[in-house]
Every structure is written in structure tokens, then in C-alpha cells.
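Q: I'm passing along start.txt; it holds compact mmCIF, C-alpha atoms.
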# COMPACT_ATOMS: atom_id res chain seq x y z
CA MET K 12 16.03 42.66 38.16
CA SER K 13 18.06 41.62 35.22
CA LEU K 14 16.94 41.40 31.61
CA VAL K 15 17.22 37.58 31.64
CA THR K 16 14.55 37.28 34.34
CA LEU K 17 12.19 39.74 32.62
CA LEU K 18 12.54 38.21 29.14
CA PRO K 19 10.03 35.34 29.64
CA PHE K 20 7.41 37.76 30.94
CA ILE K 21 7.97 40.14 28.02
CA VAL K 22 7.62 37.28 25.51
CA LEU K 23 4.45 36.07 27.21
CA ILE K 24 2.84 39.51 27.20
CA GLY K 25 3.82 39.98 23.53
CA ALA K 26 2.30 36.64 22.54
CA MET K 27 -0.93 37.47 24.38
CA PHE K 28 -1.09 40.84 22.63
CA LEU K 29 -0.64 39.26 19.19
CA MET K 30 -3.29 36.59 19.85
CA THR K 31 -5.90 39.08 21.05
CA ARG K 32 -5.09 41.38 18.14
CA SER K 33 -5.69 38.66 15.52
CA ALA K 34 -8.90 37.56 17.25
CA LYS K 35 -10.10 41.15 17.31
CA LYS K 36 -9.41 41.47 13.57
CA LYS K 37 -11.46 38.33 12.86
CA GLN K 38 -14.35 39.64 14.98
CA ASN K 39 -14.33 42.98 13.20
CA ALA K 40 -14.26 41.31 9.77
CA ALA K 41 -17.24 39.10 10.72
CA ALA K 42 -19.18 42.08 12.06
CA GLN K 43 -18.44 44.05 8.88
CA MET K 44 -19.60 41.10 6.74
CA ARG K 45 -22.87 40.90 8.68
CA ASN K 46 -23.44 44.65 8.41
CA ASP K 47 -22.86 44.59 4.63
CA MET K 48 -25.64 42.04 4.03
CA GLN K 49 -28.21 43.17 1.50
CA PRO K 50 -31.63 41.68 0.68
CA GLY K 51 -31.27 39.05 -2.04
CA THR K 52 -27.83 37.76 -1.04
CA GLY K 53 -27.29 34.14 -0.09
CA VAL K 54 -26.07 33.28 3.40
CA ARG K 55 -25.07 30.24 5.44
CA THR K 56 -26.02 30.21 9.11
CA ILE K 57 -23.71 28.89 11.81
CA GLY K 58 -25.97 25.82 11.92
CA GLY K 59 -25.28 25.10 8.25
CA MET K 60 -28.60 26.23 6.73
CA TYR K 61 -28.50 28.06 3.40
CA ALA K 62 -31.04 30.81 2.76
CA THR K 63 -31.57 34.12 1.00
CA VAL K 64 -31.68 37.40 2.93
CA LYS K 65 -35.14 38.94 2.73
CA GLU K 66 -34.81 41.79 5.21
CA VAL K 67 -32.00 43.20 7.38
CA ASN K 68 -32.79 44.91 10.70
CA GLU K 69 -30.56 46.30 13.46
CA GLU K 70 -30.06 43.03 15.38
CA THR K 71 -31.97 40.47 13.29
CA VAL K 72 -32.13 39.13 9.75
CA LEU K 73 -35.23 37.73 8.03
CA LEU K 74 -34.24 34.81 5.81
CA ASP K 75 -36.18 33.12 3.02
CA ALA K 76 -35.41 29.39 3.36
CA GLY K 77 -37.88 28.21 0.73
CA PRO K 78 -41.28 28.95 -0.74
CA GLY K 79 -43.40 30.31 2.09
CA VAL K 80 -40.71 29.71 4.75
CA ASP K 81 -39.42 32.90 6.38
CA LEU K 82 -37.11 32.59 9.36
CA LEU K 83 -35.96 35.26 11.78
CA PHE K 84 -32.31 34.93 12.88
CA ALA K 85 -29.99 37.05 14.99
CA LYS K 86 -27.22 38.68 12.95
CA ASN K 87 -24.65 36.76 14.97
CA ALA K 88 -26.14 33.50 13.66
CA ILE K 89 -24.98 34.28 10.10
CA GLY K 90 -21.79 32.34 9.49
CA ALA K 91 -20.98 33.51 5.95
CA VAL K 92 -22.33 35.78 3.27
CA LEU K 93 -21.99 33.97 -0.05
CA GLY K 94 -21.56 35.34 -3.53
CA ASP K 95 -24.29 34.66 -6.11
CA ASP K 96 -22.21 32.07 -8.00
CA GLU K 97 -21.22 30.21 -4.84
CA TYR K 98 -24.77 30.24 -3.44
CA ASN K 99 -26.25 28.93 -6.72
CA ARG K 100 -23.57 26.26 -6.98
CA ILE K 101 -24.24 24.98 -3.44
CA VAL K 102 -28.01 25.33 -3.19
CA HIS K 103 -29.20 24.82 -6.77
CA GLY K 104 -26.26 22.88 -8.21
CA ILE K 105 -25.76 25.43 -11.00
CA GLU K 106 -22.21 25.76 -12.32
CA HIS K 107 -21.45 29.15 -13.93
CA ASP K 108 -17.66 29.04 -14.00
CA LEU K 109 -17.06 25.99 -16.21
CA LYS K 110 -14.33 26.72 -18.71
CA SER K 111 -14.22 24.81 -21.97
CA ASP K 112 -10.42 24.36 -21.98
CA GLU K 113 -10.34 22.59 -18.61
CA SER K 114 -10.33 18.83 -18.59
CA VAL K 115 -13.42 17.35 -17.00
CA VAL K 116 -13.05 14.26 -14.84
CA PRO K 117 -15.60 11.62 -15.85
CA ASP K 118 -17.87 9.87 -13.36
CA ASP K 119 -16.31 6.49 -14.05
CA ALA K 120 -12.71 5.55 -14.67
CA SER K 121 -13.38 3.39 -17.75
CA SER K 122 -12.71 6.23 -20.15
CA LEU K 123 -9.37 7.00 -18.50
CA THR K 124 -7.80 3.71 -19.56
CA GLU K 125 -6.41 3.52 -23.06
CA THR K 126 -6.83 -0.22 -23.66
CA ASP K 127 -9.30 -1.50 -26.24
CA GLU K 128 -10.38 -4.52 -24.18
CA SER K 129 -14.01 -4.59 -23.23
CA ALA K 130 -15.16 -4.96 -19.65
CA ASP K 131 -16.69 -8.38 -20.42
CA VAL K 132 -13.28 -9.90 -21.23
CA SER K 133 -11.77 -8.76 -17.92
CA ASP K 134 -14.69 -10.26 -15.97
CA ASP K 135 -13.95 -13.76 -17.32
CA LYS K 136 -10.49 -13.87 -15.75
CA HIS K 137 -10.21 -15.62 -12.39
CA VAL K 138 -8.50 -13.55 -9.74
CA ASP K 139 -6.87 -15.49 -6.89
CA LEU K 140 -7.24 -13.54 -3.69
CA GLY K 141 -5.54 -16.16 -1.54
CA LYS K 142 -8.72 -17.76 -0.26
CA LYS K 143 -8.99 -21.53 -0.35
CA ASP K 144 -12.17 -23.36 -1.26
CA ALA K 145 -13.49 -26.07 1.09
CA ALA K 146 -12.76 -28.69 -1.59
CA ASP K 147 -9.07 -27.66 -1.70
CA GLU K 148 -8.47 -28.24 2.01
CA PRO K 149 -7.33 -31.72 3.16
CA VAL K 150 -9.90 -33.66 5.14
CA ALA K 151 -8.79 -34.72 8.63
CA GLU K 152 -8.57 -38.50 9.08
CA PRO K 153 -10.67 -39.91 11.94
CA THR K 154 -8.53 -41.22 14.76
CA THR K 155 -8.97 -44.77 16.04
CA GLU K 156 -7.23 -44.20 19.35
CA PRO K 157 -9.23 -45.29 22.40
CA VAL K 158 -10.69 -42.53 24.52
CA ALA K 159 -9.54 -42.66 28.13
CA GLU K 160 -12.38 -43.32 30.57
CA PRO K 161 -12.20 -41.69 33.99
CA ALA K 162 -11.31 -44.17 36.72
CA ASP K 163 -13.67 -42.64 39.24
CA GLU K 164 -17.33 -42.52 38.25
CA SER K 165 -17.92 -39.53 40.52
CA ALA K 166 -15.65 -37.53 38.22
CA VAL K 167 -18.20 -37.97 35.45
CA ALA K 168 -20.39 -34.90 35.49
CA GLU K 169 -24.06 -35.62 35.82
CA PRO K 170 -26.57 -33.12 34.59
CA LYS K 171 -27.59 -30.76 37.35
CA LYS K 172 -31.26 -30.80 38.24
CA THR K 173 -32.81 -27.36 38.49
CA ASP K 174 -36.06 -26.50 40.12
CA ALA K 175 -38.45 -23.74 39.12
CA ALA K 176 -37.17 -21.36 41.83
CA GLU K 177 -33.66 -21.37 40.42
CA LEU K 178 -34.92 -20.70 36.92
CA LYS K 179 -36.77 -17.58 38.10
CA LYS K 180 -33.67 -15.97 39.66
CA SER K 181 -32.62 -12.68 38.21
CA ASP K 182 -29.04 -11.45 37.95
CA GLY K 183 -29.11 -9.57 41.23
CA GLU K 184 -30.49 -12.38 43.43
CA SER K 185 -28.18 -14.48 45.52
CA ASP K 186 -27.87 -18.27 45.56
CA THR K 187 -28.53 -18.58 49.30
CA LYS K 188 -31.53 -20.58 50.48
What's the C-alpha cells form of this structure?
A:
Amino acid sequence: MSLVTLLPFIVLIGAMFLMTRSAKKKQNAAAQMRNDMQPGTGVRTIGGMYATVKEVNEETVLLDAGPGVDLLFAKNAIGAVLGDDEYNRIVHGIEHDLKSDESVVPDDASSLTETDESADVSDDKHVDLGKKDAADEPVAEPTTEPVAEPADESAVAEPKKTDAAELKKSDGESDTK
């Protein structure tokens, strides 16, 4: 066999090796993270629940999810071990890393504009969004043209009389009698 025919197989085997190698590294890192858990650290489960580690066993972890709520999870169910700052920021909303020299974005955009106009003045202006009021539209003139009567009176549709049996039909019943 020539090298040209073997080259696709060699590339395929190399790609498979690299993919399994990176997956194996990720598995080992996750296992190491789970083994390094200590009581008192914050964790996020794979289901998205945040809790504090209370006790670590060989295959299980006892988590404190709230006052009086202890949950037993398998170690594989721990998605991430969080640092103290990150856990407090997510669970309790406490920010420890605020720096005074950073600019803080306000909740509303009114302080970002540098004009001295008040909000009341801008509310008085009429903004045309392209909609027309009913009073602006022209009223259609009534036509005085005669309406054509059908020549044949049988063409005029008479109301169909229905009996009680037809009214009780359901969707699946047929019209045969």
C-alpha cells in the first residue's frame, strides 16, 4: 500500500487519539476537583442547586442547602466547587471585589445623558410613529349603484332547516341517514 492510501486512516486515528486525550484530561480534572472538596466550601450541583459542603465521604457528599436542610448527593453530582467570594456573590448577593476606581453603571440611563432638560419636558413632545388616527382617514362615500338581483329565484339561498338529530352530531359521525 502506498502512503497516499494510508494517510486518511492515519489522520483519523490521530484525531481520535487527540479527542479521547482531551476528554480524559477533563474527566481527571473534574475527579480531582471533587476529591479536593472540604467541609465549608460552596458547590453547585449538576442540577443547578447551590449548597455548602457539610461532610465528604468516599462516594457521597452531605450538603447543607439551608437551615435544617441536609441533602446527600453522589460525588459525581457536584458540577463545580466554588470559591468563597463566588459562592457568596451568587447565593447571598455579597460583592467583595468592588474597586473604588472602577466606574459603576447606574440602574437607569438618565444619569448617563449630559443634557439639563428634565424628563417632564421630553414627555410633552408628540412623537409621530407613523400611525394614523381614525379621524385622519378619509370616510368612504356610500355608493348609489343598484345592486344586481339574481334572475333565478332558486339561486337565492334559503336558510337551511336543521333538526335536532343533526345538531347532536359529533365530528366523527357521518351525514348518512
Q: To one decimal in Å, tell me the separation between CA of Ile105 in chain K and CA of Leu93 in chain K.
A: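 Value for the CA of Ile105 in chain K-CA of Leu93 in chain K distance: 14.4 Å.
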Q: Under the rule that only C-alpha atoms are counted, which of K:Val102, K:Asp95, K:Arg55, K:Met48 is the nearest residue to Val72 in chain K?
A: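 Looking only at the distances to Val72 in chain K, the closest residue turns out to be K:Met48.
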Q: So, counting all atoms listed in the file, which residue among K:Val15, K:Ala41, K:Val22, K:Val80 is closest to Thr63 in chain K?
A: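 Ranking K:Val15, K:Ala41, K:Val22, K:Val80 by distance to Thr63 in chain K, first place goes to K:Val80.
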Q: Rounded to one decimal in Å, what is the spacing between CA of Glu70 in chain K and CA of Ala42 in chain K?
A: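 Between CA of Glu70 in chain K and CA of Ala42 in chain K the gap is 11.4 Å.
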Q: Using all atoms listed in the file, find the one residue out of K:Asn68, K:Asn99, K:Ser33, K:Ser13 that sits nearest to Arg45 in chain K.
A: K:Asn68
Q: For Val92 in chain K, which residue out of K:Gly141, K:Gly53, K:Gly25, K:Pro19 is the nearest one, using only C-alpha atoms?
A: K:Gly53
Q: When you look at Gly90 in chain K with a cut-off of 10 Å (counting all atoms listed in the file), what residues show up, excluding the ones that are within fewer than 4 positions of it in the same chain? I need them as a list in words.
A: Ala41, Met44, Arg45, Val54, Arg55, Thr56, Ile57, Gly58, Gly59, Met60 and Lys86 of chain K
Q: Output C-alpha atoms for every residue in that selection, as a PDB file, keeping the file's coordinate frame.
A:
ATOM      1  CA  ALA K  41     -17.240  39.100  10.720  1.00  0.00           C
ATOM      2  CA  MET K  44     -19.600  41.100   6.740  1.00  0.00           C
ATOM      3  CA  ARG K  45     -22.870  40.900   8.680  1.00  0.00           C
ATOM      4  CA  VAL K  54     -26.070  33.280   3.400  1.00  0.00           C
ATOM      5  CA  ARG K  55     -25.070  30.240   5.440  1.00  0.00           C
ATOM      6  CA  THR K  56     -26.020  30.210   9.110  1.00  0.00           C
ATOM      7  CA  ILE K  57     -23.710  28.890  11.810  1.00  0.00           C
ATOM      8  CA  GLY K  58     -25.970  25.820  11.920  1.00  0.00           C
ATOM      9  CA  GLY K  59     -25.280  25.100   8.250  1.00  0.00           C
ATOM     10  CA  MET K  60     -28.600  26.230   6.730  1.00  0.00           C
ATOM     11  CA  LYS K  86     -27.220  38.680  12.950  1.00  0.00           C
TER      12      LYS K  86
END
Q: How many Å separate CA of Tyr98 in chain K from CA of Tyr61 in chain K?
A: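 Between CA of Tyr98 in chain K and CA of Tyr61 in chain K the gap is 8.1 Å.
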Q: Name the residues in contact with range 73-79 of chain K at a cut-off of 7 Å, using all atoms listed in the file, excluding same-chain residues fewer than 5 positions from it; report them as a VMD selection string.
A: chain K and resid 62 to 67 84
